[in-house]
Structure formats: structure tokens, C-alpha cells
$ cat model-v8.cif   # mmCIF, C-alpha atoms and all ligand atoms
data_protein
loop_
_atom_site.label_atom_id
_atom_site.label_comp_id
_atom_site.auth_asym_id
_atom_site.auth_seq_id
_atom_site.Cartn_x
_atom_site.Cartn_y
_atom_site.Cartn_z
CA MET A 527 54.06 -66.47 90.59
CA GLU A 528 53.08 -66.18 94.22
CA LYS A 529 51.13 -63.05 93.28
CA ILE A 530 48.88 -65.28 91.15
CA LEU A 531 48.86 -68.40 93.34
CA LYS A 532 47.78 -66.61 96.50
CA PRO A 533 44.61 -65.12 94.94
CA ILE A 534 43.78 -68.55 93.42
CA GLN A 535 44.07 -70.06 96.89
CA HIS A 536 41.91 -67.27 98.28
CA ALA A 537 39.26 -67.77 95.57
CA LEU A 538 39.07 -71.47 96.43
CA LEU A 539 38.35 -70.50 100.03
CA TYR A 540 35.24 -68.42 99.26
CA PHE A 541 33.25 -71.11 101.12
CA SER A 542 34.94 -70.01 104.33
CA GLN A 543 34.50 -66.24 103.89
CA PRO A 544 31.51 -64.63 105.64
CA ASP A 545 31.41 -61.78 103.10
CA GLU A 546 30.86 -64.21 100.23
CA ARG A 547 27.38 -65.47 99.44
CA ILE A 548 28.65 -69.05 99.16
CA TYR A 549 29.98 -69.00 102.75
CA TYR A 550 29.05 -72.48 104.03
CA PRO A 551 26.48 -71.42 106.71
CA TYR A 552 24.54 -69.53 104.00
CA LEU A 553 24.67 -72.65 101.79
CA ILE A 554 23.46 -74.80 104.68
CA SER A 555 20.55 -72.44 105.43
CA SER A 556 19.57 -72.47 101.74
CA ALA A 557 19.75 -76.28 101.73
CA ILE A 558 17.46 -76.39 104.79
CA ILE A 559 14.94 -74.06 103.11
CA ALA A 560 15.10 -76.21 99.95
CA ALA A 561 14.49 -79.38 102.01
CA LEU A 562 11.52 -77.79 103.82
CA LEU A 563 9.99 -76.69 100.50
CA PHE A 564 10.47 -80.20 99.08
CA LEU A 565 8.83 -81.84 102.09
CA THR A 566 5.94 -79.37 102.05
CA TYR A 567 5.10 -80.12 98.43
CA ASN A 568 6.00 -83.82 98.23
CA LYS A 569 5.15 -84.99 101.74
CA SER A 570 7.75 -87.75 101.36
CA PHE A 571 11.51 -88.11 101.82
CA LYS A 572 11.90 -89.95 98.50
CA GLY A 573 14.15 -87.94 96.21
CA LEU A 574 14.98 -85.36 98.91
CA LEU A 575 18.74 -85.87 98.79
CA THR A 576 19.11 -85.39 95.03
CA TYR A 577 16.79 -82.37 95.24
CA VAL A 578 18.94 -80.64 97.84
CA PHE A 579 22.28 -81.82 96.34
CA PRO A 580 21.64 -82.10 92.61
CA TYR A 581 25.03 -83.63 91.82
CA LYS A 582 24.31 -83.84 88.05
CA ARG A 583 23.87 -80.07 87.95
CA LEU A 584 26.94 -79.53 90.08
CA ILE A 585 29.22 -81.47 87.71
CA HIS A 586 27.64 -80.03 84.52
CA ILE A 587 30.18 -78.29 82.25
CA SER A 588 28.26 -75.03 82.80
CA SER A 589 28.89 -75.27 86.58
CA LEU A 590 32.56 -76.10 86.07
CA ASN A 591 32.92 -72.94 83.98
CA ASP A 592 31.21 -70.99 86.81
CA ILE A 593 34.01 -72.12 89.15
CA LEU A 594 36.74 -71.23 86.66
CA LEU A 595 35.23 -67.77 86.16
CA LEU A 596 35.08 -67.23 89.92
CA ILE A 597 38.82 -67.91 90.11
CA ILE A 598 39.74 -65.88 87.00
CA ASN A 599 37.74 -62.84 88.12
CA HIS A 600 39.21 -62.95 91.60
CA VAL A 601 42.78 -63.13 90.25
CA ILE A 602 42.18 -60.30 87.75
CA ASN A 603 40.68 -58.10 90.46
CA VAL A 604 43.38 -58.71 93.04
CA VAL A 605 46.43 -58.73 90.79
CA PHE A 606 45.64 -56.36 87.94
CA PHE A 607 42.81 -54.12 88.94
CA LEU A 608 42.63 -53.21 92.60
CA PRO A 609 46.25 -52.02 93.04
CA PHE A 610 45.64 -49.31 90.43
CA LEU A 611 42.31 -48.18 91.70
CA ILE A 612 41.57 -45.28 93.97
CA ASN A 613 39.84 -46.96 96.90
CA SER A 614 36.50 -46.17 98.53
CA ILE A 615 37.97 -44.82 101.76
CA LEU A 616 40.25 -42.35 99.97
CA LEU A 617 37.37 -41.27 97.72
CA ALA A 618 35.14 -40.81 100.79
CA TYR A 619 37.65 -38.47 102.43
CA LEU A 620 38.05 -36.51 99.20
CA ILE A 621 34.28 -36.07 98.88
CA GLN A 622 34.02 -35.05 102.55
CA GLN A 623 36.76 -32.49 101.94
CA TRP A 624 35.05 -31.07 98.83
CA MET A 625 31.71 -30.79 100.59
CA ASN A 626 33.33 -29.02 103.52
CA ASP A 627 35.03 -26.60 101.12
CA TRP A 628 31.83 -25.88 99.17
CA PHE A 629 29.15 -25.92 101.84
CA GLY A 630 31.07 -25.53 105.11
CA GLU A 631 30.35 -27.87 108.00
CA SER A 632 26.93 -29.51 107.81
CA GLY A 633 25.93 -28.60 111.38
CA ILE A 634 23.36 -31.43 111.35
CA GLN A 635 22.82 -32.83 114.87
CA ILE A 636 22.13 -36.55 115.06
CA SER A 637 22.92 -39.23 117.63
CA ASP A 638 25.29 -42.15 117.16
CA THR A 639 22.42 -44.62 116.80
CA GLU A 640 20.63 -42.42 114.26
CA ALA A 641 23.89 -42.09 112.32
CA ILE A 642 24.34 -45.87 112.12
CA VAL A 643 20.74 -46.44 111.00
CA TYR A 644 20.64 -43.59 108.42
CA TYR A 645 23.98 -44.61 106.97
CA ALA A 646 22.99 -48.29 106.67
CA VAL A 647 19.62 -47.47 105.07
CA ALA A 648 21.06 -44.87 102.66
CA TYR A 649 23.89 -47.17 101.64
CA PHE A 650 21.55 -50.13 101.11
CA ILE A 651 19.10 -48.17 98.94
CA ILE A 652 21.67 -46.27 96.84
CA SER A 653 23.90 -49.29 96.36
CA ASP A 654 20.95 -51.47 95.34
CA PHE A 655 19.73 -48.81 92.88
CA SER A 656 23.20 -48.50 91.32
CA ARG A 657 23.29 -52.28 90.83
CA TYR A 658 19.89 -52.10 89.12
CA VAL A 659 21.08 -49.30 86.82
CA LEU A 660 24.26 -51.16 85.84
CA HIS A 661 22.36 -54.40 85.28
CA PHE A 662 19.76 -52.50 83.19
CA LEU A 663 22.55 -51.00 81.02
CA LEU A 664 24.16 -54.43 80.62
CA HIS A 665 20.89 -55.61 79.10
CA LYS A 666 20.00 -52.56 77.03
CA ILE A 667 23.34 -51.45 75.52
CA SER A 668 24.18 -53.96 72.81
CA PHE A 669 27.97 -54.14 73.32
CA LEU A 670 27.55 -54.52 77.10
CA TRP A 671 24.96 -57.25 76.53
CA GLU A 672 27.63 -59.29 74.68
CA PHE A 673 29.60 -59.42 77.95
CA HIS A 674 26.58 -59.90 80.23
CA LYS A 675 25.41 -62.84 78.07
CA VAL A 676 28.09 -64.89 79.85
CA HIS A 677 25.99 -64.81 83.04
CA HIS A 678 22.88 -65.73 81.03
CA SER A 679 24.57 -68.53 79.07
CA ALA A 680 24.55 -70.71 82.21
CA GLU A 681 22.67 -73.90 81.33
CA VAL A 682 22.13 -74.91 84.94
CA LEU A 683 21.97 -72.64 87.97
CA THR A 684 23.91 -73.38 91.14
CA PRO A 685 24.94 -70.91 93.88
CA ILE A 686 28.32 -70.49 92.14
CA THR A 687 26.56 -69.12 89.03
CA LEU A 688 26.51 -65.81 90.92
CA TYR A 689 30.22 -65.57 90.03
CA ARG A 690 29.73 -66.56 86.38
CA VAL A 691 30.38 -63.15 84.88
CA HIS A 692 32.75 -61.99 82.17
CA PRO A 693 35.84 -60.21 83.59
CA VAL A 694 34.66 -56.96 81.91
CA GLU A 695 31.38 -57.14 83.83
CA SER A 696 33.20 -58.08 87.01
CA MET A 697 35.37 -54.95 86.69
CA LEU A 698 32.33 -52.74 86.00
CA PHE A 699 30.73 -54.01 89.23
CA GLN A 700 33.99 -53.42 91.12
CA LEU A 701 34.11 -49.85 89.84
CA ARG A 702 30.48 -49.36 90.85
CA SER A 703 31.16 -50.64 94.33
CA VAL A 704 34.20 -48.38 94.86
CA PHE A 705 32.40 -45.35 93.48
CA ILE A 706 29.12 -45.82 95.40
CA GLY A 707 30.98 -46.82 98.60
CA GLY A 708 33.11 -43.66 98.40
CA LEU A 709 30.22 -41.40 97.45
CA VAL A 710 27.79 -42.48 100.17
CA SER A 711 30.47 -42.62 102.86
CA GLY A 712 31.89 -39.25 101.79
CA VAL A 713 28.54 -37.45 101.93
CA PHE A 714 27.81 -39.16 105.22
CA LEU A 715 31.17 -38.18 106.71
CA TRP A 716 30.28 -34.59 105.86
CA ILE A 717 26.90 -34.94 107.65
CA TYR A 718 28.34 -36.85 110.62
CA PRO A 719 32.13 -36.47 110.87
CA TYR A 720 32.66 -39.01 113.69
CA SER A 721 33.50 -42.64 113.34
CA ILE A 722 30.56 -45.02 113.60
CA THR A 723 30.63 -48.78 113.91
CA PRO A 724 27.95 -50.51 111.86
CA TYR A 725 26.14 -53.53 113.31
CA VAL A 726 28.05 -56.54 112.08
CA VAL A 727 27.73 -60.30 112.38
CA TRP A 728 30.85 -62.36 111.59
CA GLY A 729 32.39 -59.18 110.20
CA VAL A 730 29.65 -58.53 107.63
CA HIS A 731 26.87 -56.02 107.79
CA VAL A 732 23.81 -57.35 109.58
CA GLY A 733 21.60 -56.72 106.49
CA THR A 734 23.85 -58.78 104.21
CA PHE A 735 24.02 -61.50 106.86
CA VAL A 736 20.22 -61.78 107.17
CA PHE A 737 19.72 -61.60 103.38
CA ASN A 738 22.23 -64.40 102.80
CA LEU A 739 20.86 -66.52 105.60
CA LEU A 740 17.32 -66.28 104.22
CA GLY A 741 18.08 -68.38 101.16
CA ALA A 742 19.83 -65.88 98.85
CA ASN A 743 21.63 -68.85 97.28
CA LEU A 744 18.32 -70.18 95.98
CA ARG A 745 18.35 -67.38 93.36
CA HIS A 746 20.79 -69.49 91.42
CA SER A 747 19.26 -72.93 91.83
CA HIS A 748 16.39 -75.12 90.63
CA VAL A 749 14.44 -74.43 93.86
CA TRP A 750 11.34 -72.30 93.32
CA LEU A 751 10.86 -69.92 96.26
CA SER A 752 8.45 -67.08 95.58
CA PHE A 753 7.44 -64.37 98.05
CA GLY A 754 3.89 -63.79 96.81
CA LYS A 755 2.52 -60.94 94.73
CA TYR A 756 2.73 -58.23 97.42
CA VAL A 757 6.25 -58.82 98.78
CA GLU A 758 7.64 -59.38 95.26
CA ARG A 759 6.93 -55.72 94.51
CA ILE A 760 9.34 -54.76 97.28
CA PHE A 761 11.95 -57.55 97.44
CA ILE A 762 13.25 -59.76 94.65
CA SER A 763 12.53 -63.40 95.44
CA PRO A 764 14.71 -66.33 94.32
CA ALA A 765 11.93 -67.32 91.88
CA GLN A 766 12.02 -63.83 90.33
CA HIS A 767 15.76 -64.15 89.63
CA ILE A 768 15.18 -67.60 88.14
CA ILE A 769 12.68 -65.88 85.79
CA HIS A 770 15.47 -63.42 84.90
CA HIS A 771 17.54 -66.37 83.59
CA SER A 772 14.69 -67.84 81.52
CA ASN A 773 15.12 -68.29 77.76
CA ASP A 774 11.41 -67.61 77.16
CA PRO A 775 10.99 -64.21 75.36
CA LYS A 776 8.15 -63.23 77.70
CA HIS A 777 10.70 -63.20 80.55
CA PHE A 778 13.43 -61.24 78.72
CA ASN A 779 14.76 -58.12 80.49
CA LYS A 780 12.61 -58.72 83.58
CA ASN A 781 13.57 -58.60 87.27
CA MET A 782 16.93 -56.86 86.99
CA GLY A 783 16.94 -55.85 90.65
CA SER A 784 19.31 -57.34 93.20
CA GLU A 785 17.56 -57.09 96.53
CA LEU A 786 14.84 -54.46 96.05
CA ALA A 787 12.12 -55.01 93.44
CA ILE A 788 10.91 -51.41 93.61
CA TRP A 789 13.27 -50.33 90.79
CA ASP A 790 11.81 -52.99 88.50
CA TRP A 791 8.36 -51.86 89.55
CA LEU A 792 9.16 -48.19 88.88
CA PHE A 793 10.85 -48.79 85.51
CA LYS A 794 8.32 -51.41 84.33
CA THR A 795 10.69 -54.37 84.25
CA LEU A 796 8.99 -56.23 87.09
CA TYR A 797 7.65 -59.77 86.62
CA ILE A 798 5.71 -61.16 89.54
CA THR A 799 5.65 -64.93 89.84
CA LYS A 800 2.40 -66.84 90.15
CA GLU A 801 2.51 -70.62 90.11
CA LYS A 802 5.83 -72.44 89.55
CA GLU A 803 6.87 -72.10 85.91
CA ASP A 804 8.85 -74.62 83.91
CA ILE A 805 11.93 -72.56 83.07
CA LYS A 806 14.68 -73.37 80.60
CA PHE A 807 17.92 -71.47 81.00
CA GLY A 808 20.45 -70.14 78.54
CA VAL A 809 20.92 -67.97 75.47
CA GLU A 810 21.77 -68.75 71.85
CA GLU A 811 25.49 -68.85 72.74
CA SER A 812 25.09 -71.36 75.60
CA LYS A 813 26.47 -74.36 73.67
CA GLU A 814 29.50 -72.35 72.50
CA HIS A 815 29.98 -71.05 76.03
CA ARG A 816 30.82 -74.56 77.18
CA SER A 817 34.35 -73.54 76.20
CA LEU A 818 36.06 -71.16 78.59
CA VAL A 819 38.11 -69.67 75.73
CA LYS A 820 34.87 -68.78 73.90
CA ILE A 821 33.38 -67.34 77.08
CA ILE A 822 36.32 -64.99 77.52
CA PHE A 823 37.06 -64.00 73.91
CA GLN A 824 33.79 -64.33 71.98
CA PRO A 825 32.24 -61.11 73.41
CA PHE A 826 35.28 -59.07 72.29
CA GLY A 827 35.05 -60.65 68.81
CA LYS A 828 31.34 -59.86 68.49
CA VAL A 829 31.76 -56.27 69.65
CA PHE A 830 34.70 -55.78 67.29
CA ARG A 831 32.87 -57.27 64.28
CA ARG A 832 29.83 -55.11 64.95
CA LYS A 833 31.99 -51.98 65.02
CA LYS A 834 33.47 -52.71 61.57
ZN ZN B 901 20.91 -60.08 83.50
ZN ZN B 902 21.85 -64.57 87.91
#
$ encode --input "model-v8.cif" --output "C-alpha cells" --more "lines below"
Ligand SMILES: [Zn+2]
Ligand SMILES: [Zn+2]
Amino acid sequence: MEKILKPIQHALLYFSQPDERIYYPYLISSAIIAALLFLTYNKSFKGLLTYVFPYKRLIHISSLNDILLLIINHVINVVFFLPFLINSILLAYLIQQWMNDWFGESGIQISDTEAIVYYAVAYFIISDFSRYVLHFLLHKISFLWEFHKVHHSAEVLTPITLYRVHPVESMLFQLRSVFIGGLVSGVFLWIYPYSITPYVVWGVHVGTFVFNLLGANLRHSHVWLSFGKYVERIFISPAQHIIHHSNDPKHFNKNMGSELAIWDWLFKTLYITKEKEDIKFGVEESKEHRSLVKIIFQPFGKVFRRKK
């Protein structure tokens, strides 16, 4: 029982974990950006509080299911999945070993500082690309789409909607993270076989810290923050992810990138925002997905029926 209760407790404390996007300083910075945007466009304080804290959205059944999915996915990962999984560090050492066996020592001479920078940049780009590829497959392969629909069935977006994913999708992203972490670190250990300490703030990588502080939580919100037509070809803005959740067919399968927009640009799935659009969220299943039981089991049922 304690094995289950502890992870539940941990999931409820995501607000206090610097490696989680809903860590409270990141939420506060997003709230400040939202307030500044409101004041810029409205030039009045009237309605500011409900804009920044939209309590009706926060207590919507869709948001309550987001919270339950956060807890369920965390428990499944900690209790059932991670203990049986080869971890990134072990995989990295195995890959380093194989590369040494096949190619011999790399003999590449770089300084400590260069090593930290190259590793951080390589990891960021490869990891972001792998997230794009997985997200693309979740949209394009019909049985995977049944599971990914859970994220798109959200009727309102709040920062916790980030965690509204079916456990199958959550596991696929876990696998991706272990595999990419091990692969990049392993190749890098072969190139530079000394320990390096990445630049961290509050224990998280400086890039993640800056990204989260710059309003990453607004991607799942009603706040429209676009970066303009030039920057949106390089980085995904919160407004571009809001477009990704739209139920308008002209927005379907657009903006599947996480942080970089260049993959969407390259593979022709990019949608650049212009003026603020009136977006409605959800998919056909949204009403049914007000039930947690349906959220969890309906995708399996649909996949099974299609197979018959
Ligand atoms: Zn999607
Ligand atoms: Zn989303």
C-alpha cells in the first residue's frame, strides 16, 4: 500500500518540484506574463483577477480529470514501469562500451567548457526532435491517435493539461526519454570520457529553467502569447500550441513541436499565428471523456474493435 501512497503523495507535490513545469515559480512567472498581456491590451485592471486565475476553468470537469491523470501516470511510472526498465545511465555506459569496442577511443580533444556546451546543445536538439517524431506518429498512426486523443479531448486548457495523457502515451514518452538520454550521453561519453557538470539552476538544466520561466505554462491556457512570424519558425510559442489543440479542421495536425518549430517547418506541419484566433478545444470524444473510466478504457476498446 505504501508503494502506491508514496507516489500519490509525490504527484501531489509537483508544484514544489523544480523539474516539473508546474513548479510554483514557473506558474507565478506565467501569471505575471498573463497579467502584463491583459494590461497591455485592456489598459484597465477590471477583470484582471479572473483572467489570471480563471477559477471556472480550474474547477471544470476536464481540469479535474487532468489532475487525476497526472496522479495515475505518476503512480504507473513509479510502481509498475520504472523498476523494470533499463535506465539511461546504464544504457549510456553500454553505448560508450560498444563504441569503444567498434571504433577505439575517439581521440577528440575538447575542453571542459566546450564539452558542456556541445553536450547541452546536442541533447536539446536530438531530444526535441525525438519528441516531435513521437508526437507526429501519435497523430498519424490511427491506433496511436486513439490514445493521444485523450490529450486533445481537454475542453479547457490549464497548465495541468500538460499531464493529461493516456498512460500508454505517458509510457511511450518515458521510453523515449530513457532511450534518447542513454543514446546521447553514451555517444558523448565516447567522445569525452570525463565527467562534466552541466549548468544547473535549482537542480534543473539552465535551458529548461529559462524555458519554463518564460511562460511555458501559457501553452496550456486561454492566454494568447505569440512570438511573431519570424521567431515562430524557430521556437513554438504558447499561441502555436493552443492552435494545436483547436477543433477547427484547418488547425488539425499542426504545430507538433515541443520547443523548436523547425521540425514543423521542415515537415510542413507549421502554422504561424497572426492575430488572436477564437479557438474552441476538444475532439468528438470530449463529452465522453468527462468520465475517467472512458478516458482510460475507451482507446483500448476502439483499437480492439478496429482490429476485428
Ligand atoms: Zn497532439
Ligand atoms: Zn497540449
$ atom_distance --input "model-v8.cif" --atom1 "CA of Lys529 in chain A" --atom2 "CA of Val605 in chain A"
6.9 Å
$ closest_atom_pairs --input "model-v8.cif" --of "range 656-775 of chain A" --to "range 565-579 of chain A" --cutoff "12 Å" --atoms "only C-alpha atoms" --output "Markdown table"
| residue | atom | partner | partner_atom | distance |
| --- | --- | --- | --- | --- |
| A:Thr684 | CA | A:Phe579 | CA | 10.0 |
| A:Pro685 | CA | A:Phe579 | CA | 11.5 |
| A:Leu744 | CA | A:Val578 | CA | 10.6 |
| A:Ser747 | CA | A:Val578 | CA | 9.8 |
| A:His748 | CA | A:Tyr577 | CA | 8.6 |
| A:Val749 | CA | A:Tyr577 | CA | 8.4 |
| A:Trp750 | CA | A:Tyr567 | CA | 11.2 |
| A:Leu751 | CA | A:Tyr567 | CA | 11.9 |
$ residues_near_ligand --input "model-v8.cif" --ligand "ligand ZN 902 (chain B)" --cutoff "12 Å" --atoms "all atoms listed in the file" --output "MDAnalysis selection string"
chainID A and resid 592 661 674:691 742:747 762 764:772 780:784 807:808
$ atom_distance --input "model-v8.cif" --atom1 "CA of His665 in chain A" --atom2 "CA of Ile585 in chain A"
28.5 Å
$ atom_distance --input "model-v8.cif" --atom1 "CA of Ile530 in chain A" --atom2 "CA of Val604 in chain A"
8.8 Å
$ closest_residue --input "model-v8.cif" --among "A:Asn773, A:Ile717, A:Arg831, A:Tyr540" --to "Phe629 in chain A" --atoms "only C-alpha atoms"
A:Ile717
$ closest_residue --input "model-v8.cif" --among "A:Leu590, A:Val694, A:Ile636, A:Leu562" --to "Phe823 in chain A" --atoms "all atoms listed in the file"
A:Val694
$ residues_around --input "model-v8.cif" --residues "Gly754 in chain A" --least-positions-apart "5" --cutoff "12 Å" --atoms "all atoms listed in the file" --output "ChimeraX atom specification"
/A:759-766,797-802
